[in-house]
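Peer 1: I'm passing along protein02.csv; it holds CSV, C-alpha atoms.
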```csv
chain,number,residue,atom,x,y,z
A,1,MET,CA,2.3,-0.5,-23.7
A,2,GLN,CA,-0.5,1.9,-23.1
A,3,LEU,CA,-0.8,4.1,-20.0
A,4,HIS,CA,-4.3,5.2,-19.2
A,5,ASP,CA,-3.4,8.6,-17.7
A,6,PHE,CA,-4.5,11.9,-16.4
A,7,TYR,CA,-1.7,14.5,-16.6
A,8,LEU,CA,-2.2,16.3,-13.3
A,9,SER,CA,-2.6,13.1,-11.2
A,10,GLY,CA,0.5,12.5,-9.1
A,11,ASN,CA,-0.2,8.8,-9.3
A,12,CYS,CA,-0.1,8.9,-13.1
A,13,TYR,CA,3.0,11.0,-12.9
A,14,LYS,CA,4.7,8.4,-10.8
A,15,VAL,CA,4.4,6.0,-13.8
A,16,ARG,CA,5.5,8.5,-16.4
A,17,LEU,CA,8.5,9.4,-14.2
A,18,PHE,CA,9.5,5.8,-13.9
A,19,LEU,CA,9.1,5.1,-17.6
A,20,GLY,CA,11.5,8.0,-18.2
A,21,LEU,CA,14.0,6.7,-15.6
A,22,ILE,CA,14.1,3.2,-17.1
A,23,GLY,CA,14.0,4.5,-20.7
A,24,GLN,CA,10.7,2.9,-21.7
A,25,ARG,CA,7.8,4.5,-23.6
A,26,ALA,CA,4.1,4.0,-23.4
A,27,GLU,CA,1.3,5.3,-25.5
A,28,ILE,CA,-0.6,7.8,-23.4
A,29,VAL,CA,-4.4,7.4,-23.3
A,30,THR,CA,-6.0,10.3,-21.5
A,31,VAL,CA,-8.8,9.5,-19.2
A,32,ASP,CA,-11.2,12.4,-18.8
A,33,LEU,CA,-11.6,12.4,-15.0
A,34,ALA,CA,-13.3,15.7,-15.0
A,35,HIS,CA,-16.2,14.1,-16.8
A,36,GLY,CA,-16.2,10.8,-14.8
A,37,ALA,CA,-14.7,8.7,-17.6
A,38,GLN,CA,-13.0,6.5,-15.0
A,39,LYS,CA,-16.5,5.3,-13.8
A,40,ARG,CA,-17.8,4.3,-17.2
A,41,PRO,CA,-18.3,0.6,-18.0
A,42,GLU,CA,-15.5,0.5,-20.6
A,43,PHE,CA,-13.0,1.8,-18.1
A,44,LEU,CA,-14.3,-0.3,-15.3
A,45,ALA,CA,-13.8,-3.4,-17.5
A,46,LEU,CA,-10.1,-2.4,-17.5
A,47,ASN,CA,-9.9,-1.4,-13.8
A,48,PRO,CA,-12.9,-2.3,-11.6
A,49,ARG,CA,-11.5,0.1,-9.0
A,50,GLY,CA,-12.3,3.0,-11.3
A,51,GLN,CA,-8.9,4.7,-10.8
A,52,VAL,CA,-6.1,5.9,-13.0
A,53,PRO,CA,-3.3,5.0,-13.8
A,54,VAL,CA,-3.8,1.7,-15.6
A,55,LEU,CA,-0.9,0.2,-17.6
A,56,VAL,CA,-1.7,-2.3,-20.3
A,57,ASP,CA,1.2,-4.4,-21.4
A,58,ASP,CA,0.8,-7.4,-23.8
A,59,GLY,CA,-2.9,-7.0,-23.3
A,60,GLN,CA,-2.7,-7.4,-19.5
A,61,PRO,CA,-4.0,-4.5,-17.4
A,62,LEU,CA,-2.1,-3.5,-14.2
A,63,VAL,CA,-3.8,-1.2,-11.7
A,64,ASP,CA,-2.5,0.9,-8.8
A,65,SER,CA,0.5,3.2,-9.3
A,66,GLN,CA,2.7,1.3,-6.8
A,67,ALA,CA,1.9,-2.0,-8.5
A,68,ILE,CA,2.7,-0.6,-11.9
A,69,LEU,CA,6.1,0.6,-10.6
A,70,VAL,CA,6.9,-2.8,-9.2
A,71,TYR,CA,5.8,-4.5,-12.5
A,72,LEU,CA,7.9,-2.2,-14.7
A,73,ALA,CA,10.9,-2.5,-12.5
A,74,ARG,CA,10.8,-6.3,-12.4
A,75,ARG,CA,10.1,-6.5,-16.2
A,76,TYR,CA,12.2,-3.7,-17.7
A,77,GLY,CA,14.3,-2.0,-15.0
A,78,ASP,CA,17.8,-2.4,-13.8
A,79,GLU,CA,18.0,-4.6,-10.7
A,80,HIS,CA,18.8,-1.7,-8.4
A,81,TRP,CA,15.2,-0.3,-8.8
A,82,TYR,CA,13.7,-3.4,-7.1
A,83,PRO,CA,16.4,-5.6,-5.6
A,84,GLN,CA,15.2,-9.1,-4.9
A,85,ASP,CA,16.7,-10.0,-1.5
A,86,ALA,CA,14.1,-10.4,1.3
A,87,LEU,CA,15.2,-7.3,3.3
A,88,SER,CA,15.1,-5.0,0.3
A,89,VAL,CA,11.7,-6.1,-0.9
A,90,GLY,CA,10.4,-5.9,2.7
A,91,LEU,CA,11.7,-2.4,3.3
A,92,ILE,CA,10.5,-1.2,-0.2
A,93,ALA,CA,7.0,-2.7,0.5
A,94,GLY,CA,6.9,-0.6,3.7
A,95,TRP,CA,7.4,2.6,1.7
A,96,LEU,CA,4.9,1.5,-1.0
A,97,SER,CA,2.3,1.1,1.8
A,98,LEU,CA,3.1,4.6,3.0
A,99,ALA,CA,2.6,5.9,-0.5
A,100,ALA,CA,-0.7,4.0,-0.9
A,101,ASN,CA,-2.1,5.1,2.5
A,102,GLU,CA,-0.5,8.0,4.4
A,103,VAL,CA,0.8,9.9,1.4
A,104,HIS,CA,-2.5,9.4,-0.4
A,105,HIS,CA,-4.6,10.6,2.5
A,106,GLY,CA,-2.2,13.4,3.4
A,107,ALA,CA,-0.2,15.4,0.9
A,108,ALA,CA,-2.1,14.1,-2.1
A,109,ARG,CA,-5.5,14.8,-0.6
A,110,ALA,CA,-4.5,18.3,0.5
A,111,ARG,CA,-3.5,19.0,-3.1
A,112,VAL,CA,-6.8,17.7,-4.4
A,113,GLY,CA,-8.6,20.0,-2.0
A,114,LEU,CA,-6.6,23.2,-2.8
A,115,LYS,CA,-5.7,22.7,-6.5
A,116,PHE,CA,-8.9,21.0,-7.7
A,117,GLY,CA,-11.4,22.4,-5.2
A,118,ARG,CA,-12.6,19.0,-4.0
A,119,GLU,CA,-14.4,19.2,-0.6
A,120,ILE,CA,-12.1,17.6,1.9
A,121,ASP,CA,-11.0,18.1,5.5
A,122,LEU,CA,-8.0,20.2,4.6
A,123,GLU,CA,-6.7,20.5,8.1
A,124,GLU,CA,-6.7,16.7,8.7
A,125,ALA,CA,-5.0,16.1,5.3
A,126,GLN,CA,-2.3,18.7,6.0
A,127,GLY,CA,-1.8,17.2,9.5
A,128,ARG,CA,-1.2,13.8,8.0
A,129,ALA,CA,1.0,15.3,5.4
A,130,ARG,CA,3.2,17.0,7.9
A,131,GLN,CA,3.7,13.7,9.8
A,132,VAL,CA,4.9,12.1,6.6
A,133,LEU,CA,7.1,15.0,5.6
A,134,GLU,CA,8.7,14.8,9.1
A,135,LEU,CA,9.1,11.1,8.9
A,136,VAL,CA,10.7,11.0,5.5
A,137,ASN,CA,12.9,14.0,6.3
A,138,ALA,CA,14.2,12.3,9.4
A,139,HIS,CA,14.7,9.1,7.6
A,140,LEU,CA,16.8,10.9,4.9
A,141,ALA,CA,19.0,12.7,7.4
A,142,ASP,CA,21.8,10.2,6.9
A,143,ARG,CA,20.7,8.4,3.7
A,144,ALA,CA,20.6,9.4,0.1
A,145,TRP,CA,17.7,7.1,-0.9
A,146,LEU,CA,14.8,5.5,1.1
A,147,VAL,CA,16.2,1.9,0.8
A,148,GLY,CA,19.8,0.9,0.3
A,149,ASP,CA,22.3,3.1,-1.5
A,150,GLN,CA,20.7,3.4,-4.9
A,151,PRO,CA,17.3,4.7,-6.0
A,152,THR,CA,14.5,2.2,-5.9
A,153,VAL,CA,10.8,2.2,-6.7
A,154,ALA,CA,10.2,3.3,-3.1
A,155,ASP,CA,11.7,6.7,-4.0
A,156,VAL,CA,9.6,6.9,-7.1
A,157,ALA,CA,6.4,6.1,-5.2
A,158,VAL,CA,6.9,8.5,-2.3
A,159,TYR,CA,8.5,11.4,-4.1
A,160,PRO,CA,5.7,12.9,-6.3
A,161,TYR,CA,3.2,14.0,-3.8
A,162,LEU,CA,5.8,15.2,-1.3
A,163,ALA,CA,7.5,17.3,-4.0
A,164,LEU,CA,4.0,18.7,-4.9
A,165,ALA,CA,3.0,19.2,-1.3
A,166,ASP,CA,3.2,23.0,-1.7
A,167,GLU,CA,0.2,22.8,-4.0
A,168,GLY,CA,-1.6,21.4,-0.9
A,169,GLY,CA,-0.7,24.5,1.1
A,170,LEU,CA,2.3,22.9,2.9
A,171,ASP,CA,5.5,24.7,3.6
A,172,LEU,CA,8.5,22.5,2.8
A,173,ALA,CA,11.1,24.8,4.3
A,174,PRO,CA,11.4,22.8,7.6
A,175,TYR,CA,12.5,19.7,5.7
A,176,PRO,CA,16.0,20.3,4.3
A,177,HIS,CA,16.7,16.6,3.8
A,178,LEU,CA,13.7,16.3,1.5
A,179,ASP,CA,15.0,19.1,-0.6
A,180,ALA,CA,18.4,17.4,-1.0
A,181,TRP,CA,16.6,14.2,-2.0
A,182,PHE,CA,14.4,16.0,-4.5
A,183,ALA,CA,17.6,17.4,-6.0
A,184,ARG,CA,19.1,13.9,-6.3
A,185,ILE,CA,15.9,12.7,-8.0
A,186,HIS,CA,15.9,15.6,-10.4
A,187,ALA,CA,19.4,14.8,-11.4
A,188,LEU,CA,18.6,11.2,-12.4
A,189,PRO,CA,18.9,10.5,-16.2
A,190,GLY,CA,15.5,10.4,-17.8
A,191,TYR,CA,13.8,12.5,-15.1
A,192,VAL,CA,10.4,13.8,-16.1
A,193,ASP,CA,9.0,17.2,-14.8
A,194,LEU,CA,6.3,17.3,-12.1
A,195,PRO,CA,2.8,18.0,-13.3
A,196,ARG,CA,2.2,21.4,-11.8
B,1,MET,CA,12.3,-13.2,15.5
B,2,GLN,CA,10.2,-11.0,17.7
B,3,LEU,CA,6.7,-9.7,16.7
B,4,HIS,CA,5.6,-6.5,18.4
B,5,ASP,CA,2.0,-7.3,18.5
B,6,PHE,CA,-1.5,-6.3,19.7
B,7,TYR,CA,-3.8,-9.3,19.7
B,8,LEU,CA,-7.0,-7.7,18.4
B,9,SER,CA,-5.3,-5.7,15.6
B,10,GLY,CA,-6.1,-7.2,12.2
B,11,ASN,CA,-2.8,-6.0,10.9
B,12,CYS,CA,-0.9,-7.9,13.6
B,13,TYR,CA,-3.1,-10.9,13.0
B,14,LYS,CA,-2.1,-10.9,9.3
B,15,VAL,CA,1.5,-11.5,10.4
B,16,ARG,CA,0.5,-14.2,13.0
B,17,LEU,CA,-1.6,-15.9,10.4
B,18,PHE,CA,1.2,-15.9,7.9
B,19,LEU,CA,3.8,-17.2,10.4
B,20,GLY,CA,1.4,-20.1,11.0
B,21,LEU,CA,0.9,-20.7,7.2
B,22,ILE,CA,4.7,-20.8,6.6
B,23,GLY,CA,5.4,-22.8,9.8
B,24,GLN,CA,7.6,-20.1,11.4
B,25,ARG,CA,7.5,-18.9,15.0
B,26,ALA,CA,8.1,-15.5,16.6
B,27,GLU,CA,8.3,-14.4,20.2
B,28,ILE,CA,5.3,-12.2,20.8
B,29,VAL,CA,6.0,-8.8,22.5
B,30,THR,CA,2.6,-7.2,23.4
B,31,VAL,CA,2.4,-3.5,22.7
B,32,ASP,CA,-0.1,-1.8,25.1
B,33,LEU,CA,-1.9,0.3,22.5
B,34,ALA,CA,-4.7,1.2,25.1
B,35,HIS,CA,-2.0,3.1,27.1
B,36,GLY,CA,-0.3,4.6,24.0
B,37,ALA,CA,2.9,2.4,24.2
B,38,GLN,CA,3.2,2.7,20.4
B,39,LYS,CA,3.9,6.5,20.8
B,40,ARG,CA,6.7,6.2,23.4
B,41,PRO,CA,10.3,6.9,22.5
B,42,GLU,CA,11.5,3.3,22.9
B,43,PHE,CA,8.8,2.1,20.4
B,44,LEU,CA,9.3,5.0,18.0
B,45,ALA,CA,13.0,4.1,17.9
B,46,LEU,CA,11.9,0.7,16.5
B,47,ASN,CA,9.1,2.2,14.3
B,48,PRO,CA,9.0,5.9,13.7
B,49,ARG,CA,5.5,5.5,12.3
B,50,GLY,CA,4.2,4.5,15.8
B,51,GLN,CA,2.3,1.5,14.5
B,52,VAL,CA,2.1,-2.2,15.2
B,53,PRO,CA,3.0,-4.7,14.0
B,54,VAL,CA,6.8,-4.6,13.9
B,55,LEU,CA,8.8,-7.7,13.2
B,56,VAL,CA,12.4,-7.8,14.3
B,57,ASP,CA,14.5,-10.4,12.6
B,58,ASP,CA,18.3,-10.6,13.1
B,59,GLY,CA,18.1,-7.3,14.8
B,60,GLN,CA,16.5,-5.6,11.8
B,61,PRO,CA,13.1,-4.0,12.3
B,62,LEU,CA,10.5,-4.3,9.6
B,63,VAL,CA,7.4,-2.1,9.7
B,64,ASP,CA,4.0,-2.2,8.0
B,65,SER,CA,2.0,-5.5,7.9
B,66,GLN,CA,2.1,-5.8,4.1
B,67,ALA,CA,5.9,-5.3,4.1
B,68,ILE,CA,6.3,-7.9,6.8
B,69,LEU,CA,4.4,-10.5,4.8
B,70,VAL,CA,6.5,-9.8,1.7
B,71,TYR,CA,9.7,-10.1,3.8
B,72,LEU,CA,8.7,-13.3,5.4
B,73,ALA,CA,7.5,-14.8,2.2
B,74,ARG,CA,10.7,-14.0,0.4
B,75,ARG,CA,12.9,-15.1,3.2
B,76,TYR,CA,11.1,-18.2,4.7
B,77,GLY,CA,8.1,-19.0,2.5
B,78,ASP,CA,7.5,-21.4,-0.4
B,79,GLU,CA,7.8,-19.6,-3.8
B,80,HIS,CA,4.0,-19.7,-4.4
B,81,TRP,CA,3.4,-17.2,-1.6
B,82,TYR,CA,5.3,-14.5,-3.5
B,83,PRO,CA,6.1,-15.6,-7.0
B,84,GLN,CA,8.9,-13.6,-8.6
B,85,ASP,CA,7.8,-13.0,-12.2
B,86,ALA,CA,7.0,-9.5,-13.1
B,87,LEU,CA,3.2,-10.0,-13.6
B,88,SER,CA,2.8,-11.8,-10.3
B,89,VAL,CA,4.7,-9.2,-8.3
B,90,GLY,CA,2.7,-6.5,-10.1
B,91,LEU,CA,-0.7,-8.0,-9.4
B,92,ILE,CA,0.2,-8.8,-5.8
B,93,ALA,CA,1.4,-5.3,-5.2
B,94,GLY,CA,-1.9,-4.0,-6.4
B,95,TRP,CA,-3.7,-6.0,-3.7
B,96,LEU,CA,-1.2,-4.9,-1.1
B,97,SER,CA,-2.0,-1.3,-1.9
B,98,LEU,CA,-5.7,-2.1,-1.6
B,99,ALA,CA,-5.0,-3.6,1.9
B,100,ALA,CA,-3.0,-0.5,2.9
B,101,ASN,CA,-5.5,2.0,1.7
B,102,GLU,CA,-9.1,1.0,0.9
B,103,VAL,CA,-9.3,-2.0,3.3
B,104,HIS,CA,-7.6,0.1,6.1
B,105,HIS,CA,-9.9,3.1,5.7
B,106,GLY,CA,-13.0,0.9,5.1
B,107,ALA,CA,-13.6,-2.4,6.8
B,108,ALA,CA,-10.8,-1.9,9.4
B,109,ARG,CA,-11.9,1.6,10.3
B,110,ALA,CA,-15.6,0.6,10.7
B,111,ARG,CA,-14.4,-2.2,13.1
B,112,VAL,CA,-12.3,0.3,15.1
B,113,GLY,CA,-15.4,2.5,15.4
B,114,LEU,CA,-17.8,-0.2,16.5
B,115,LYS,CA,-15.6,-2.6,18.4
B,116,PHE,CA,-13.2,-0.1,20.1
B,117,GLY,CA,-15.5,2.9,20.2
B,118,ARG,CA,-13.1,5.2,18.4
B,119,GLU,CA,-14.8,8.3,17.0
B,120,ILE,CA,-14.9,7.8,13.2
B,121,ASP,CA,-17.3,8.5,10.3
B,122,LEU,CA,-18.9,5.1,10.4
B,123,GLU,CA,-21.1,5.6,7.4
B,124,GLU,CA,-18.2,6.7,5.2
B,125,ALA,CA,-16.0,3.7,6.5
B,126,GLN,CA,-18.9,1.2,5.8
B,127,GLY,CA,-19.4,2.7,2.4
B,128,ARG,CA,-15.8,2.2,1.5
B,129,ALA,CA,-15.9,-1.3,3.0
B,130,ARG,CA,-18.9,-2.3,0.8
B,131,GLN,CA,-17.1,-1.1,-2.3
B,132,VAL,CA,-14.1,-3.4,-1.5
B,133,LEU,CA,-16.3,-6.3,-0.5
B,134,GLU,CA,-18.1,-6.0,-3.8
B,135,LEU,CA,-14.8,-5.7,-5.7
B,136,VAL,CA,-13.2,-8.7,-4.1
B,137,ASN,CA,-16.4,-10.8,-4.3
B,138,ALA,CA,-16.6,-10.1,-8.1
B,139,HIS,CA,-12.9,-10.8,-8.6
B,140,LEU,CA,-13.3,-14.2,-6.9
B,141,ALA,CA,-16.4,-15.2,-8.9
B,142,ASP,CA,-14.2,-17.3,-11.2
B,143,ARG,CA,-11.0,-17.6,-9.2
B,144,ALA,CA,-9.9,-19.5,-6.1
B,145,TRP,CA,-7.2,-17.0,-5.0
B,146,LEU,CA,-6.6,-13.3,-5.6
B,147,VAL,CA,-3.5,-13.8,-7.9
B,148,GLY,CA,-2.8,-17.0,-9.9
B,149,ASP,CA,-3.9,-20.4,-8.8
B,150,GLN,CA,-2.3,-20.7,-5.4
B,151,PRO,CA,-2.6,-18.6,-2.3
B,152,THR,CA,-0.2,-15.6,-2.1
B,153,VAL,CA,0.6,-12.9,0.4
B,154,ALA,CA,-2.2,-10.9,-1.4
B,155,ASP,CA,-4.8,-13.2,0.1
B,156,VAL,CA,-3.2,-13.0,3.5
B,157,ALA,CA,-3.1,-9.2,3.4
B,158,VAL,CA,-6.7,-8.7,2.2
B,159,TYR,CA,-8.4,-11.5,4.1
B,160,PRO,CA,-8.3,-10.5,7.8
B,161,TYR,CA,-10.3,-7.2,7.8
B,162,LEU,CA,-12.9,-8.6,5.2
B,163,ALA,CA,-13.4,-11.7,7.4
B,164,LEU,CA,-13.8,-9.4,10.4
B,165,ALA,CA,-16.1,-6.9,8.6
B,166,ASP,CA,-19.1,-8.1,10.6
B,167,GLU,CA,-17.5,-6.5,13.6
B,168,GLY,CA,-17.7,-3.2,11.7
B,169,GLY,CA,-21.5,-3.7,11.3
B,170,LEU,CA,-21.2,-5.1,7.7
B,171,ASP,CA,-23.4,-7.8,6.4
B,172,LEU,CA,-21.4,-10.4,4.4
B,173,ALA,CA,-24.4,-12.3,3.1
B,174,PRO,CA,-24.4,-10.6,-0.3
B,175,TYR,CA,-20.9,-11.8,-1.0
B,176,PRO,CA,-21.0,-15.6,-1.5
B,177,HIS,CA,-17.6,-15.8,-3.3
B,178,LEU,CA,-16.0,-14.2,-0.3
B,179,ASP,CA,-17.5,-16.9,1.9
B,180,ALA,CA,-16.0,-19.6,-0.3
B,181,TRP,CA,-12.6,-17.9,-0.3
B,182,PHE,CA,-12.7,-17.6,3.5
B,183,ALA,CA,-13.4,-21.4,3.7
B,184,ARG,CA,-10.4,-22.1,1.4
B,185,ILE,CA,-8.2,-19.9,3.7
B,186,HIS,CA,-9.5,-21.7,6.9
B,187,ALA,CA,-8.6,-25.0,5.3
B,188,LEU,CA,-4.9,-24.1,4.7
B,189,PRO,CA,-2.4,-26.0,6.9
B,190,GLY,CA,-1.2,-23.8,9.8
B,191,TYR,CA,-4.3,-21.5,9.7
B,192,VAL,CA,-4.6,-19.3,12.8
B,193,ASP,CA,-8.0,-18.2,14.2
B,194,LEU,CA,-9.2,-14.6,13.7
B,195,PRO,CA,-8.9,-12.3,16.7
B,196,ARG,CA,-12.5,-11.8,17.6
```
Could the structure of this file be written out as structure tokens, please?

Peer 2:
Amino acid sequence: MQLHDFYLSGNCYKVRLFLGLIGQRAEIVTVDLAHGAQKRPEFLALNPRGQVPVLVDDGQPLVDSQAILVYLARRYGDEHWYPQDALSVGLIAGWLSLAANEVHHGAARARVGLKFGREIDLEEAQGRARQVLELVNAHLADRAWLVGDQPTVADVAVYPYLALADEGGLDLAPYPHLDAWFARIHALPGYVDLPR
Amino acid sequence: MQLHDFYLSGNCYKVRLFLGLIGQRAEIVTVDLAHGAQKRPEFLALNPRGQVPVLVDDGQPLVDSQAILVYLARRYGDEHWYPQDALSVGLIAGWLSLAANEVHHGAARARVGLKFGREIDLEEAQGRARQVLELVNAHLADRAWLVGDQPTVADVAVYPYLALADEGGLDLAPYPHLDAWFARIHALPGYVDLPR
């Protein structure tokens, strides 16, 4: 397995974290985002979307961090990471959409603005981020994990950019249930440190 | 089953279309988005994200249009709509992320701007939409369906806002493979008309 990766990307971290949690290894191929390597023809042949991460397994490229989690869980992970009953896959898919949309355009974007100096509407991104922080905090008030009573790919998909939200100028103090959830994730065997 | 629905929403249409394709029926509960019904406490109790569609099945709410497709496919649909091997679920999840993010912030947003007069950055939305139209058109150059050789929930998730992209001021003429794919979808038994 090769992971086309950029260390500081939270989306790439998602995959490295999950590889750790399921005890799998991939060869890391660094994609030089700073010099636009993700828009060069040889990379676009692998992923026409021009984004990292890309996982290549048995010669087959998989794109999009949520999709790579689902693939890895189904192929290599214990059942609890991606339970197959209709309700679980439905609830998990709802969190994967939140990761792809609201988390990406909120907490992740605010971080890109503040940490990497990209020109973005910081206030809008932080506003979206706070809505998500509040939503997830409320959801976790009486639950240990986002779906069911064990960790799933939903937790792995949503966790990174919320745990890194301080790098986007967001104060996590108002969200105690997030903090407790972060601690549960840190305690999982195979946990991989955040890319700060 | 109840579907909390707004007729003109492409996300709600996704669910109505898929219900038609798998021969299932739901009671339609119209949510009056024009008067902010999706932000009222009784709706937020159902979906804290304050968005339509919401499907309620056996008393269990499911939120997010992609998630509802996955749930319905797994619970009621033929296997081909959501095949369970690792590669298929991974590839499908990649398209569901595209629907949740790039399609939502591209073709869907341009339509919201032009059709519903919401204040948006139309040029940015149309630019994103064209990238997706090009991507999907190229992907379909030598394929009948987005994943594998039968229609899946990926097609149902990505199709609506691309087929409605003209309502966001986009010209679909440069994308002949999209047109052929639209025709294949129209020909599926149980097809439901677009909400124009």

Peer 1: Anything within 10 Å of (0.4, 21.0, -1.5): list those residues as a list of chain:residue names, counting all atoms listed in the file and sticking to the file's coordinates.

Peer 2: A:Gly106, A:Ala107, A:Ala108, A:Arg109, A:Ala110, A:Arg111, A:Val112, A:Gly113, A:Leu114, A:Lys115, A:Ala125, A:Gln126, A:Ala129, A:Tyr161, A:Leu162, A:Ala163, A:Leu164, A:Ala165, A:Asp166, A:Glu167, A:Gly168, A:Gly169, A:Leu170, A:Asp171, A:Leu172

Peer 1: Expressed in Å to a single decimal, how great is the separation between atom CA of His105 of chain A and atom CA of Arg25 of chain A?

Peer 2: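 Between atom CA of His105 of chain A and atom CA of Arg25 of chain A the gap works out to 29.5 Å.
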
Peer 1: Quick one: which chain B residues come within 6 Å of chain A, and what is the nearest atom pair for each with the distance in Å to one decimal, counting all atoms listed in the file, rows ordered by chain and ascending number, as CSV?

Peer 2:
```
residue,atom,partner,partner_atom,distance
B:Asp64,CA,A:Gly94,CA,5.4
B:Ala67,CA,A:Ala93,CA,4.6
B:Val70,CA,A:Gly90,CA,5.6
B:Tyr71,CA,A:Gly90,CA,4.4
B:Arg74,CA,A:Ala86,CA,5.0
B:Arg75,CA,A:Ala86,CA,5.2
B:Ala86,CA,A:Arg74,CA,5.0
B:Gly90,CA,A:Tyr71,CA,4.4
B:Ala93,CA,A:Ala67,CA,4.7
B:Gly94,CA,A:Ala67,CA,4.8
B:Ser97,CA,A:Ala100,CA,5.5
B:Ala100,CA,A:Ser97,CA,5.6
B:Asn101,CA,A:Asn101,CA,4.7
```

Peer 1: At what distance in Å, to one decimal, does atom CA of Arg130 of chain A lie from atom CA of Gly20 of chain A?

Peer 2: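 Interatomic distance here is 28.8 Å.
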
Peer 1: Take atom CA of Gly59 of chain B and atom CA of Leu33 of chain B and report the distance between them in Å, one decimal.

Peer 2: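 Going from atom CA of Gly59 of chain B over to atom CA of Leu33 of chain B, I get 22.7 Å.
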